[in-house]
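What follows is the content of data.txt (compact mmCIF, N, CA, C and O atoms).
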# COMPACT_ATOMS: atom_id res chain seq x y z
N MET A 1 8.30 -16.15 8.47
CA MET A 1 8.18 -16.57 7.08
C MET A 1 9.02 -17.82 6.83
O MET A 1 8.53 -18.78 6.27
N ILE A 2 10.27 -17.79 7.27
CA ILE A 2 11.15 -18.92 7.02
C ILE A 2 10.66 -20.15 7.79
O ILE A 2 10.71 -21.26 7.27
N SER A 3 10.15 -19.95 9.02
CA SER A 3 9.68 -21.10 9.79
C SER A 3 8.48 -21.76 9.12
O SER A 3 8.35 -22.98 9.11
N SER A 4 7.58 -20.96 8.54
CA SER A 4 6.43 -21.54 7.85
C SER A 4 6.86 -22.28 6.59
O SER A 4 6.31 -23.33 6.25
N VAL A 5 7.88 -21.74 5.91
CA VAL A 5 8.40 -22.40 4.72
C VAL A 5 9.02 -23.74 5.10
O VAL A 5 8.81 -24.75 4.45
N LEU A 6 9.79 -23.75 6.20
CA LEU A 6 10.41 -24.99 6.66
C LEU A 6 9.36 -26.02 7.05
O LEU A 6 9.50 -27.21 6.76
N LYS A 7 8.31 -25.56 7.71
CA LYS A 7 7.26 -26.46 8.16
C LYS A 7 6.57 -27.13 6.98
O LYS A 7 6.35 -28.35 6.97
N HIS A 8 6.27 -26.36 5.94
CA HIS A 8 5.59 -26.91 4.78
C HIS A 8 6.55 -27.72 3.91
O HIS A 8 6.12 -28.64 3.23
N ALA A 9 7.83 -27.36 3.91
CA ALA A 9 8.80 -28.10 3.11
C ALA A 9 8.96 -29.51 3.64
O ALA A 9 9.16 -30.45 2.87
N SER A 10 8.85 -29.70 4.96
CA SER A 10 9.01 -31.03 5.52
C SER A 10 7.90 -31.96 5.07
O SER A 10 8.11 -33.16 4.90
N THR A 11 6.70 -31.42 4.83
CA THR A 11 5.60 -32.28 4.37
C THR A 11 5.77 -32.68 2.92
O THR A 11 5.32 -33.74 2.51
N ILE A 12 6.43 -31.83 2.13
CA ILE A 12 6.61 -32.13 0.71
C ILE A 12 7.68 -33.20 0.51
O ILE A 12 7.57 -34.05 -0.35
N PHE A 13 8.71 -33.18 1.35
CA PHE A 13 9.85 -34.08 1.14
C PHE A 13 9.74 -35.38 1.92
O PHE A 13 10.74 -36.02 2.19
N ASN A 14 8.56 -35.82 2.29
CA ASN A 14 8.39 -37.09 3.00
C ASN A 14 8.28 -38.24 2.00
O ASN A 14 7.37 -39.04 2.05
N ARG A 15 9.21 -38.31 1.10
CA ARG A 15 9.24 -39.38 0.11
C ARG A 15 10.50 -40.21 0.33
O ARG A 15 11.51 -39.68 0.77
N PRO A 16 10.46 -41.51 0.03
CA PRO A 16 11.65 -42.33 0.22
C PRO A 16 12.80 -41.86 -0.65
O PRO A 16 12.60 -41.43 -1.78
N ASN A 17 14.01 -41.97 -0.12
CA ASN A 17 15.20 -41.54 -0.85
C ASN A 17 15.57 -42.63 -1.84
O ASN A 17 15.84 -43.75 -1.48
N VAL A 18 15.54 -42.31 -3.10
CA VAL A 18 15.80 -43.27 -4.16
C VAL A 18 16.99 -42.78 -4.95
O VAL A 18 17.17 -41.58 -5.13
N ALA A 19 17.82 -43.72 -5.43
CA ALA A 19 18.96 -43.33 -6.28
C ALA A 19 18.40 -42.74 -7.56
O ALA A 19 17.67 -43.39 -8.30
N LEU A 20 18.74 -41.49 -7.82
CA LEU A 20 18.15 -40.77 -8.94
C LEU A 20 19.19 -40.41 -9.98
O LEU A 20 20.37 -40.22 -9.68
N ASN A 21 18.76 -40.29 -11.20
CA ASN A 21 19.62 -39.88 -12.29
C ASN A 21 19.78 -38.35 -12.22
O ASN A 21 18.80 -37.63 -12.33
N PRO A 22 21.01 -37.85 -12.04
CA PRO A 22 21.18 -36.40 -11.89
C PRO A 22 20.82 -35.61 -13.13
O PRO A 22 20.62 -34.41 -13.07
N LEU A 23 20.72 -36.28 -14.28
CA LEU A 23 20.37 -35.56 -15.51
C LEU A 23 18.88 -35.29 -15.61
O LEU A 23 18.45 -34.40 -16.32
N ASN A 24 18.08 -36.04 -14.89
CA ASN A 24 16.63 -35.87 -14.96
C ASN A 24 16.21 -34.84 -13.92
O ASN A 24 16.18 -35.11 -12.73
N TRP A 25 15.84 -33.64 -14.37
CA TRP A 25 15.58 -32.53 -13.47
C TRP A 25 14.36 -32.78 -12.60
O TRP A 25 14.34 -32.43 -11.43
N GLU A 26 13.29 -33.37 -13.16
CA GLU A 26 12.07 -33.59 -12.39
C GLU A 26 12.31 -34.52 -11.21
O GLU A 26 11.83 -34.28 -10.11
N LEU A 27 13.05 -35.59 -11.45
CA LEU A 27 13.33 -36.51 -10.35
C LEU A 27 14.30 -35.91 -9.35
O LEU A 27 14.25 -36.21 -8.17
N GLN A 28 15.16 -35.04 -9.82
CA GLN A 28 16.15 -34.43 -8.93
C GLN A 28 15.48 -33.50 -7.92
O GLN A 28 16.01 -33.30 -6.84
N GLN A 29 14.32 -32.98 -8.23
CA GLN A 29 13.64 -32.09 -7.30
C GLN A 29 13.25 -32.83 -6.03
O GLN A 29 13.17 -32.23 -4.96
N TRP A 30 12.98 -34.12 -6.10
CA TRP A 30 12.57 -34.87 -4.91
C TRP A 30 13.72 -35.04 -3.93
O TRP A 30 13.51 -35.42 -2.80
N ARG A 31 14.95 -34.77 -4.36
CA ARG A 31 16.08 -34.88 -3.46
C ARG A 31 16.06 -33.78 -2.40
O ARG A 31 16.62 -33.92 -1.34
N GLY A 32 15.46 -32.69 -2.71
CA GLY A 32 15.39 -31.59 -1.76
C GLY A 32 16.52 -30.60 -1.97
O GLY A 32 17.32 -30.71 -2.88
N ILE A 33 16.57 -29.63 -1.09
CA ILE A 33 17.58 -28.58 -1.16
C ILE A 33 18.52 -28.76 0.02
O ILE A 33 18.07 -28.84 1.16
N ARG A 34 19.78 -28.82 -0.26
CA ARG A 34 20.77 -29.01 0.81
C ARG A 34 21.61 -27.75 0.97
O ARG A 34 22.07 -27.18 -0.01
N VAL A 35 21.79 -27.36 2.22
CA VAL A 35 22.59 -26.18 2.53
C VAL A 35 23.50 -26.54 3.68
O VAL A 35 23.06 -27.14 4.67
N LYS A 36 24.78 -26.20 3.57
CA LYS A 36 25.73 -26.46 4.64
C LYS A 36 25.79 -25.26 5.58
O LYS A 36 25.80 -24.11 5.14
N VAL A 37 25.82 -25.56 6.89
CA VAL A 37 25.97 -24.51 7.89
C VAL A 37 27.45 -24.40 8.18
O VAL A 37 28.07 -25.35 8.68
N ARG A 38 28.03 -23.26 7.90
CA ARG A 38 29.47 -23.06 8.12
C ARG A 38 29.69 -22.09 9.26
O ARG A 38 29.01 -21.07 9.37
N ASN A 39 30.62 -22.43 10.12
CA ASN A 39 31.00 -21.60 11.27
C ASN A 39 29.80 -21.28 12.17
O ASN A 39 29.68 -20.19 12.70
N ASN A 40 28.90 -22.24 12.32
CA ASN A 40 27.70 -22.07 13.15
C ASN A 40 26.88 -20.84 12.77
O ASN A 40 26.22 -20.24 13.60
N ASN A 41 26.90 -20.47 11.50
CA ASN A 41 26.17 -19.30 11.03
C ASN A 41 24.84 -19.77 10.42
O ASN A 41 24.71 -19.97 9.22
N LEU A 42 23.86 -19.96 11.30
CA LEU A 42 22.55 -20.48 10.88
C LEU A 42 21.78 -19.46 10.05
O LEU A 42 21.07 -19.82 9.12
N ASP A 43 21.92 -18.17 10.37
CA ASP A 43 21.21 -17.14 9.61
C ASP A 43 21.62 -17.15 8.14
O ASP A 43 20.78 -17.06 7.25
N GLN A 44 22.93 -17.27 7.90
CA GLN A 44 23.42 -17.30 6.52
C GLN A 44 22.92 -18.54 5.80
O GLN A 44 22.52 -18.49 4.63
N ALA A 45 22.89 -19.68 6.50
CA ALA A 45 22.42 -20.93 5.88
C ALA A 45 20.93 -20.83 5.53
O ALA A 45 20.50 -21.27 4.46
N LEU A 46 20.13 -20.24 6.42
CA LEU A 46 18.70 -20.06 6.14
C LEU A 46 18.48 -19.12 4.96
O LEU A 46 17.59 -19.32 4.14
N PHE A 47 19.30 -18.07 4.89
CA PHE A 47 19.22 -17.12 3.79
C PHE A 47 19.52 -17.82 2.46
O PHE A 47 18.80 -17.65 1.47
N LEU A 48 20.59 -18.64 2.44
CA LEU A 48 20.94 -19.37 1.23
C LEU A 48 19.84 -20.36 0.84
O LEU A 48 19.52 -20.52 -0.33
N MET A 49 19.26 -21.01 1.86
CA MET A 49 18.20 -21.97 1.57
C MET A 49 16.99 -21.27 0.96
O MET A 49 16.38 -21.76 0.01
N GLN A 50 16.65 -20.11 1.49
CA GLN A 50 15.51 -19.36 0.96
C GLN A 50 15.76 -18.96 -0.49
O GLN A 50 14.88 -19.07 -1.34
N ARG A 51 16.98 -18.53 -0.80
CA ARG A 51 17.31 -18.15 -2.18
C ARG A 51 17.25 -19.35 -3.11
O ARG A 51 16.75 -19.25 -4.23
N LYS A 52 17.74 -20.50 -2.64
CA LYS A 52 17.68 -21.71 -3.46
C LYS A 52 16.24 -22.13 -3.70
O LYS A 52 15.88 -22.58 -4.79
N MET A 53 15.41 -22.00 -2.67
CA MET A 53 14.00 -22.38 -2.81
C MET A 53 13.29 -21.45 -3.79
O MET A 53 12.45 -21.89 -4.58
N GLN A 54 13.62 -20.16 -3.75
CA GLN A 54 13.00 -19.22 -4.68
C GLN A 54 13.42 -19.51 -6.11
O GLN A 54 12.60 -19.51 -7.02
N SER A 55 14.71 -19.79 -6.31
CA SER A 55 15.19 -20.01 -7.67
C SER A 55 14.69 -21.34 -8.24
O SER A 55 14.53 -21.48 -9.45
N SER A 56 14.44 -22.32 -7.38
CA SER A 56 13.98 -23.62 -7.88
C SER A 56 12.47 -23.67 -8.05
O SER A 56 11.94 -24.63 -8.59
N GLY A 57 11.75 -22.67 -7.55
CA GLY A 57 10.30 -22.68 -7.67
C GLY A 57 9.61 -23.40 -6.52
O GLY A 57 8.40 -23.52 -6.49
N MET A 58 10.38 -23.88 -5.57
CA MET A 58 9.82 -24.63 -4.45
C MET A 58 8.95 -23.73 -3.57
O MET A 58 7.92 -24.16 -3.07
N GLU A 59 9.36 -22.49 -3.42
CA GLU A 59 8.62 -21.56 -2.56
C GLU A 59 7.21 -21.34 -3.11
O GLU A 59 6.24 -21.29 -2.37
N ARG A 60 7.10 -21.26 -4.46
CA ARG A 60 5.78 -21.09 -5.06
C ARG A 60 4.89 -22.30 -4.82
O ARG A 60 3.70 -22.17 -4.56
N LEU A 61 5.48 -23.50 -4.90
CA LEU A 61 4.71 -24.71 -4.63
C LEU A 61 4.19 -24.72 -3.20
O LEU A 61 3.04 -25.08 -2.94
N ILE A 62 5.03 -24.32 -2.27
CA ILE A 62 4.65 -24.33 -0.86
C ILE A 62 3.56 -23.29 -0.61
O ILE A 62 2.57 -23.56 0.07
N LYS A 63 3.73 -22.10 -1.19
CA LYS A 63 2.73 -21.05 -0.98
C LYS A 63 1.39 -21.45 -1.58
O LYS A 63 0.34 -21.12 -1.05
N ARG A 64 1.43 -22.19 -2.70
CA ARG A 64 0.20 -22.61 -3.35
C ARG A 64 -0.56 -23.60 -2.47
O ARG A 64 -1.78 -23.66 -2.49
N GLU A 65 0.16 -24.40 -1.68
CA GLU A 65 -0.47 -25.42 -0.85
C GLU A 65 -0.91 -24.91 0.52
O GLU A 65 -1.51 -25.65 1.28
N GLN A 66 -0.60 -23.67 0.84
CA GLN A 66 -0.98 -23.15 2.15
C GLN A 66 -2.50 -23.05 2.25
O GLN A 66 -3.18 -22.66 1.31
N LEU A 67 -3.01 -23.38 3.43
CA LEU A 67 -4.45 -23.43 3.62
C LEU A 67 -4.99 -22.28 4.46
O LEU A 67 -6.15 -22.29 4.84
N HIS A 68 -4.15 -21.31 4.78
CA HIS A 68 -4.62 -20.21 5.61
C HIS A 68 -5.38 -19.17 4.78
O HIS A 68 -5.34 -19.17 3.55
N HIS A 69 -6.06 -18.29 5.48
CA HIS A 69 -6.86 -17.25 4.84
C HIS A 69 -5.96 -16.24 4.14
O HIS A 69 -4.95 -15.80 4.70
N ILE A 70 -6.32 -15.85 2.94
CA ILE A 70 -5.58 -14.82 2.22
C ILE A 70 -6.42 -13.55 2.23
O ILE A 70 -7.60 -13.57 1.88
N LYS A 71 -5.79 -12.47 2.67
CA LYS A 71 -6.51 -11.20 2.75
C LYS A 71 -6.90 -10.72 1.36
O LYS A 71 -6.26 -11.06 0.38
N ASN A 72 -7.95 -9.91 1.31
CA ASN A 72 -8.42 -9.38 0.03
C ASN A 72 -7.37 -8.52 -0.64
O ASN A 72 -7.23 -8.52 -1.86
N SER A 73 -6.60 -7.76 0.15
CA SER A 73 -5.55 -6.93 -0.44
C SER A 73 -4.48 -7.80 -1.09
O SER A 73 -3.95 -7.47 -2.16
N GLU A 74 -4.15 -8.94 -0.44
CA GLU A 74 -3.19 -9.86 -1.04
C GLU A 74 -3.74 -10.46 -2.33
O GLU A 74 -3.01 -10.63 -3.31
N LYS A 75 -5.02 -10.78 -2.34
CA LYS A 75 -5.65 -11.33 -3.54
C LYS A 75 -5.58 -10.33 -4.69
O LYS A 75 -5.31 -10.71 -5.84
N ARG A 76 -5.84 -9.05 -4.37
CA ARG A 76 -5.78 -8.03 -5.41
C ARG A 76 -4.36 -7.90 -5.97
O ARG A 76 -4.18 -7.77 -7.19
N VAL A 77 -3.37 -7.91 -5.10
CA VAL A 77 -1.98 -7.78 -5.54
C VAL A 77 -1.61 -8.97 -6.42
O VAL A 77 -1.01 -8.81 -7.49
N LEU A 78 -1.98 -10.17 -5.98
CA LEU A 78 -1.68 -11.37 -6.77
C LEU A 78 -2.40 -11.34 -8.11
O LEU A 78 -1.82 -11.69 -9.14
N ALA A 79 -3.65 -10.90 -8.10
CA ALA A 79 -4.42 -10.83 -9.35
C ALA A 79 -3.78 -9.83 -10.31
O ALA A 79 -3.70 -10.09 -11.52
N ARG A 80 -3.31 -8.70 -9.79
CA ARG A 80 -2.66 -7.70 -10.63
C ARG A 80 -1.37 -8.26 -11.23
O ARG A 80 -1.09 -8.07 -12.43
N LYS A 81 -0.58 -8.96 -10.41
CA LYS A 81 0.66 -9.54 -10.90
C LYS A 81 0.39 -10.58 -11.99
O LYS A 81 1.08 -10.63 -13.00
N ILE A 82 -0.63 -11.39 -11.78
CA ILE A 82 -0.98 -12.41 -12.77
C ILE A 82 -1.44 -11.75 -14.06
O ILE A 82 -1.08 -12.19 -15.16
N LEU A 83 -2.24 -10.69 -13.94
CA LEU A 83 -2.72 -9.98 -15.12
C LEU A 83 -1.57 -9.36 -15.90
O LEU A 83 -1.52 -9.47 -17.13
N VAL A 84 -0.63 -8.72 -15.19
CA VAL A 84 0.52 -8.11 -15.87
C VAL A 84 1.34 -9.18 -16.58
O VAL A 84 1.76 -9.00 -17.73
N ARG A 85 1.55 -10.32 -15.92
CA ARG A 85 2.30 -11.41 -16.53
C ARG A 85 1.59 -11.94 -17.78
O ARG A 85 2.21 -12.20 -18.80
N LYS A 86 0.27 -12.04 -17.70
CA LYS A 86 -0.51 -12.54 -18.83
C LYS A 86 -0.46 -11.58 -20.01
O LYS A 86 -0.25 -11.98 -21.15
N VAL A 87 -0.62 -10.27 -19.73
CA VAL A 87 -0.58 -9.27 -20.79
C VAL A 87 0.79 -9.24 -21.45
O VAL A 87 0.91 -9.18 -22.68
N ARG A 88 1.85 -9.33 -20.62
CA ARG A 88 3.21 -9.32 -21.15
C ARG A 88 3.44 -10.52 -22.08
O ARG A 88 4.03 -10.38 -23.15
N SER A 89 2.98 -11.69 -21.65
CA SER A 89 3.19 -12.88 -22.48
C SER A 89 2.37 -12.80 -23.77
O SER A 89 2.84 -13.24 -24.82
N GLN A 90 1.18 -12.21 -23.70
CA GLN A 90 0.38 -12.06 -24.92
C GLN A 90 1.04 -11.09 -25.90
O GLN A 90 1.06 -11.32 -27.10
N GLU A 91 1.61 -9.99 -25.36
CA GLU A 91 2.30 -9.03 -26.22
C GLU A 91 3.52 -9.68 -26.87
O GLU A 91 3.78 -9.49 -28.06
N LEU A 92 4.25 -10.44 -26.09
CA LEU A 92 5.43 -11.12 -26.62
C LEU A 92 5.03 -12.13 -27.70
O LEU A 92 5.68 -12.23 -28.74
N ALA A 93 3.94 -12.87 -27.46
CA ALA A 93 3.46 -13.83 -28.45
C ALA A 93 3.05 -13.13 -29.73
O ALA A 93 3.31 -13.61 -30.84
N ARG A 94 2.39 -11.97 -29.60
CA ARG A 94 1.98 -11.21 -30.77
C ARG A 94 3.20 -10.75 -31.57
O ARG A 94 3.23 -10.86 -32.81
N LYS A 95 4.21 -10.23 -30.88
CA LYS A 95 5.43 -9.78 -31.56
C LYS A 95 6.13 -10.95 -32.26
O LYS A 95 6.57 -10.84 -33.41
N LEU A 96 6.21 -12.07 -31.55
CA LEU A 96 6.87 -13.24 -32.12
C LEU A 96 6.12 -13.75 -33.35
O LEU A 96 6.72 -14.13 -34.36
N LYS A 97 4.80 -13.72 -33.27
CA LYS A 97 3.98 -14.17 -34.40
C LYS A 97 4.21 -13.28 -35.62
O LYS A 97 4.37 -13.78 -36.74
N SER A 98 4.26 -11.96 -35.40
CA SER A 98 4.47 -11.06 -36.53
C SER A 98 5.86 -11.25 -37.13
O SER A 98 6.03 -11.20 -38.35
N ILE A 99 6.86 -11.51 -36.29
CA ILE A 99 8.22 -11.74 -36.79
C ILE A 99 8.25 -13.02 -37.62
O ILE A 99 8.85 -13.07 -38.69
N LEU A 100 7.61 -14.07 -37.12
CA LEU A 100 7.60 -15.34 -37.85
C LEU A 100 6.85 -15.23 -39.17
O LEU A 100 7.26 -15.81 -40.17
N ILE A 101 5.75 -14.48 -39.18
CA ILE A 101 5.01 -14.29 -40.43
C ILE A 101 5.86 -13.55 -41.45
O ILE A 101 5.89 -13.91 -42.62
N LYS A 102 6.59 -12.51 -41.01
CA LYS A 102 7.48 -11.79 -41.93
C LYS A 102 8.58 -12.69 -42.47
O LYS A 102 8.92 -12.62 -43.65
N LYS A 103 9.12 -13.58 -41.62
CA LYS A 103 10.16 -14.49 -42.10
C LYS A 103 9.61 -15.48 -43.11
O LYS A 103 10.26 -15.79 -44.12
N VAL A 104 8.42 -15.99 -42.85
CA VAL A 104 7.82 -16.96 -43.76
C VAL A 104 7.51 -16.31 -45.11
O VAL A 104 7.73 -16.90 -46.17
N ARG A 105 7.03 -15.09 -45.08
CA ARG A 105 6.67 -14.39 -46.32
C ARG A 105 7.90 -13.85 -47.03
O ARG A 105 7.82 -13.45 -48.19
N GLY A 106 9.03 -13.82 -46.32
CA GLY A 106 10.27 -13.35 -46.95
C GLY A 106 10.37 -11.85 -47.08
O GLY A 106 10.98 -11.33 -47.99
N LEU A 107 9.78 -11.14 -46.13
CA LEU A 107 9.82 -9.67 -46.18
C LEU A 107 11.02 -9.12 -45.47
O LEU A 107 11.62 -9.55 -44.65

Mind converting the file's structure to structure tokens?
Amino acid sequence: MISSVLKHASTIFNRPNVALNPLNWELQQWRGIRVKVRNNNLDQALFLMQRKMQSSGMERLIKREQLHHIKNSEKRVLARKILVRKVRSQELARKLKSILIKKVRGL
């Protein structure tokens, strides 16, 4: 898993290194993810890199660009997760709408 992530990450970061404004988050993503290897502990460094990639959303970008076959069971799991996320956001939007309407009406 980590080797495939590394392989696809190298294709994403083939952009020239430009002096970037650290306040601009979108441009800062092109800098990549840096992890220091301490005491020759490569496993720990790979683990930290994977966590940083997950938290930054990079792993999702890489998975989206993969061109290999996706099994039907994986498709079903992904579809279920997307559906749950969609239903949750719709419920939250409905609750928020009702709260805002009550505030506007002064109830």

Could you please determine the separation between atom CA of A:Ile33 and atom O of A:Leu61 in Å, to one decimal place? 15.1 Å

As an exercise, work out the distance from atom O of A:Arg94 to atom C of A:Gly106 in Å and give it to one decimal place. 16.0 Å

Would you compute the distance between atom C of A:Met49 and atom N of A:Val35? Give it in Å to one decimal. 7.9 Å

Rebuild stretch 55-65 of chain A so that it carries all heavy atoms, then output the result as a tab-separated table (two decimals), keeping the file's coordinate frame.
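Wrote out.tsv, looks like this:
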chain	number	residue	atom	x	y	z
A	55	SER	N	14.71	-19.79	-6.31
A	55	SER	CA	15.19	-20.01	-7.67
A	55	SER	C	14.69	-21.34	-8.24
A	55	SER	O	14.53	-21.48	-9.45
A	55	SER	CB	16.72	-19.97	-7.72
A	55	SER	OG	17.26	-21.04	-6.98
A	56	SER	N	14.44	-22.32	-7.38
A	56	SER	CA	13.98	-23.62	-7.88
A	56	SER	C	12.47	-23.67	-8.05
A	56	SER	O	11.94	-24.63	-8.59
A	56	SER	CB	14.42	-24.73	-6.94
A	56	SER	OG	13.71	-24.66	-5.72
A	57	GLY	N	11.75	-22.67	-7.55
A	57	GLY	CA	10.30	-22.68	-7.67
A	57	GLY	C	9.61	-23.40	-6.52
A	57	GLY	O	8.40	-23.52	-6.49
A	58	MET	N	10.38	-23.88	-5.57
A	58	MET	CA	9.82	-24.63	-4.45
A	58	MET	C	8.95	-23.73	-3.57
A	58	MET	O	7.92	-24.16	-3.07
A	58	MET	CB	10.96	-25.24	-3.62
A	58	MET	CG	10.49	-26.15	-2.53
A	58	MET	SD	9.60	-27.59	-3.13
A	58	MET	CE	10.81	-28.32	-4.18
A	59	GLU	N	9.36	-22.49	-3.42
A	59	GLU	CA	8.62	-21.56	-2.56
A	59	GLU	C	7.21	-21.34	-3.11
A	59	GLU	O	6.24	-21.29	-2.37
A	59	GLU	CB	9.36	-20.24	-2.44
A	59	GLU	CG	8.81	-19.34	-1.39
A	59	GLU	CD	9.62	-18.08	-1.22
A	59	GLU	OE1	10.07	-17.53	-2.23
A	59	GLU	OE2	9.76	-17.65	-0.08
A	60	ARG	N	7.10	-21.26	-4.46
A	60	ARG	CA	5.78	-21.09	-5.06
A	60	ARG	C	4.89	-22.30	-4.82
A	60	ARG	O	3.70	-22.17	-4.56
A	60	ARG	CB	5.91	-20.84	-6.56
A	60	ARG	CG	6.14	-19.37	-6.87
A	60	ARG	CD	6.24	-19.14	-8.36
A	60	ARG	NE	7.66	-19.15	-8.71
A	60	ARG	CZ	8.20	-19.90	-9.65
A	60	ARG	NH1	7.47	-20.68	-10.39
A	60	ARG	NH2	9.48	-19.87	-9.88
A	61	LEU	N	5.48	-23.50	-4.90
A	61	LEU	CA	4.71	-24.71	-4.63
A	61	LEU	C	4.19	-24.72	-3.20
A	61	LEU	O	3.04	-25.08	-2.94
A	61	LEU	CB	5.58	-25.95	-4.86
A	61	LEU	CG	5.90	-26.30	-6.31
A	61	LEU	CD1	6.89	-27.45	-6.35
A	61	LEU	CD2	4.64	-26.66	-7.05
A	62	ILE	N	5.03	-24.32	-2.27
A	62	ILE	CA	4.65	-24.33	-0.86
A	62	ILE	C	3.56	-23.29	-0.61
A	62	ILE	O	2.57	-23.56	0.07
A	62	ILE	CB	5.87	-24.08	0.04
A	62	ILE	CG1	6.82	-25.27	-0.06
A	62	ILE	CG2	5.46	-23.85	1.48
A	62	ILE	CD1	8.16	-25.03	0.57
A	63	LYS	N	3.73	-22.10	-1.19
A	63	LYS	CA	2.73	-21.05	-0.98
A	63	LYS	C	1.39	-21.45	-1.58
A	63	LYS	O	0.34	-21.12	-1.05
A	63	LYS	CB	3.21	-19.74	-1.60
A	63	LYS	CG	4.22	-19.02	-0.75
A	63	LYS	CD	4.56	-17.68	-1.33
A	63	LYS	CE	5.53	-16.94	-0.46
A	63	LYS	NZ	5.88	-15.63	-1.01
A	64	ARG	N	1.43	-22.19	-2.70
A	64	ARG	CA	0.20	-22.61	-3.35
A	64	ARG	C	-0.56	-23.60	-2.47
A	64	ARG	O	-1.78	-23.66	-2.49
A	64	ARG	CB	0.52	-23.25	-4.70
A	64	ARG	CG	-0.70	-23.46	-5.56
A	64	ARG	CD	-0.36	-24.09	-6.87
A	64	ARG	NE	0.66	-23.34	-7.59
A	64	ARG	CZ	1.52	-23.90	-8.44
A	64	ARG	NH1	1.48	-25.18	-8.69
A	64	ARG	NH2	2.42	-23.17	-9.06
A	65	GLU	N	0.16	-24.40	-1.68
A	65	GLU	CA	-0.47	-25.42	-0.85
A	65	GLU	C	-0.91	-24.91	0.52
A	65	GLU	O	-1.51	-25.65	1.28
A	65	GLU	CB	0.47	-26.60	-0.67
A	65	GLU	CG	0.69	-27.38	-1.95
A	65	GLU	CD	1.53	-28.61	-1.74
A	65	GLU	OE1	1.82	-28.93	-0.57
A	65	GLU	OE2	1.89	-29.24	-2.73
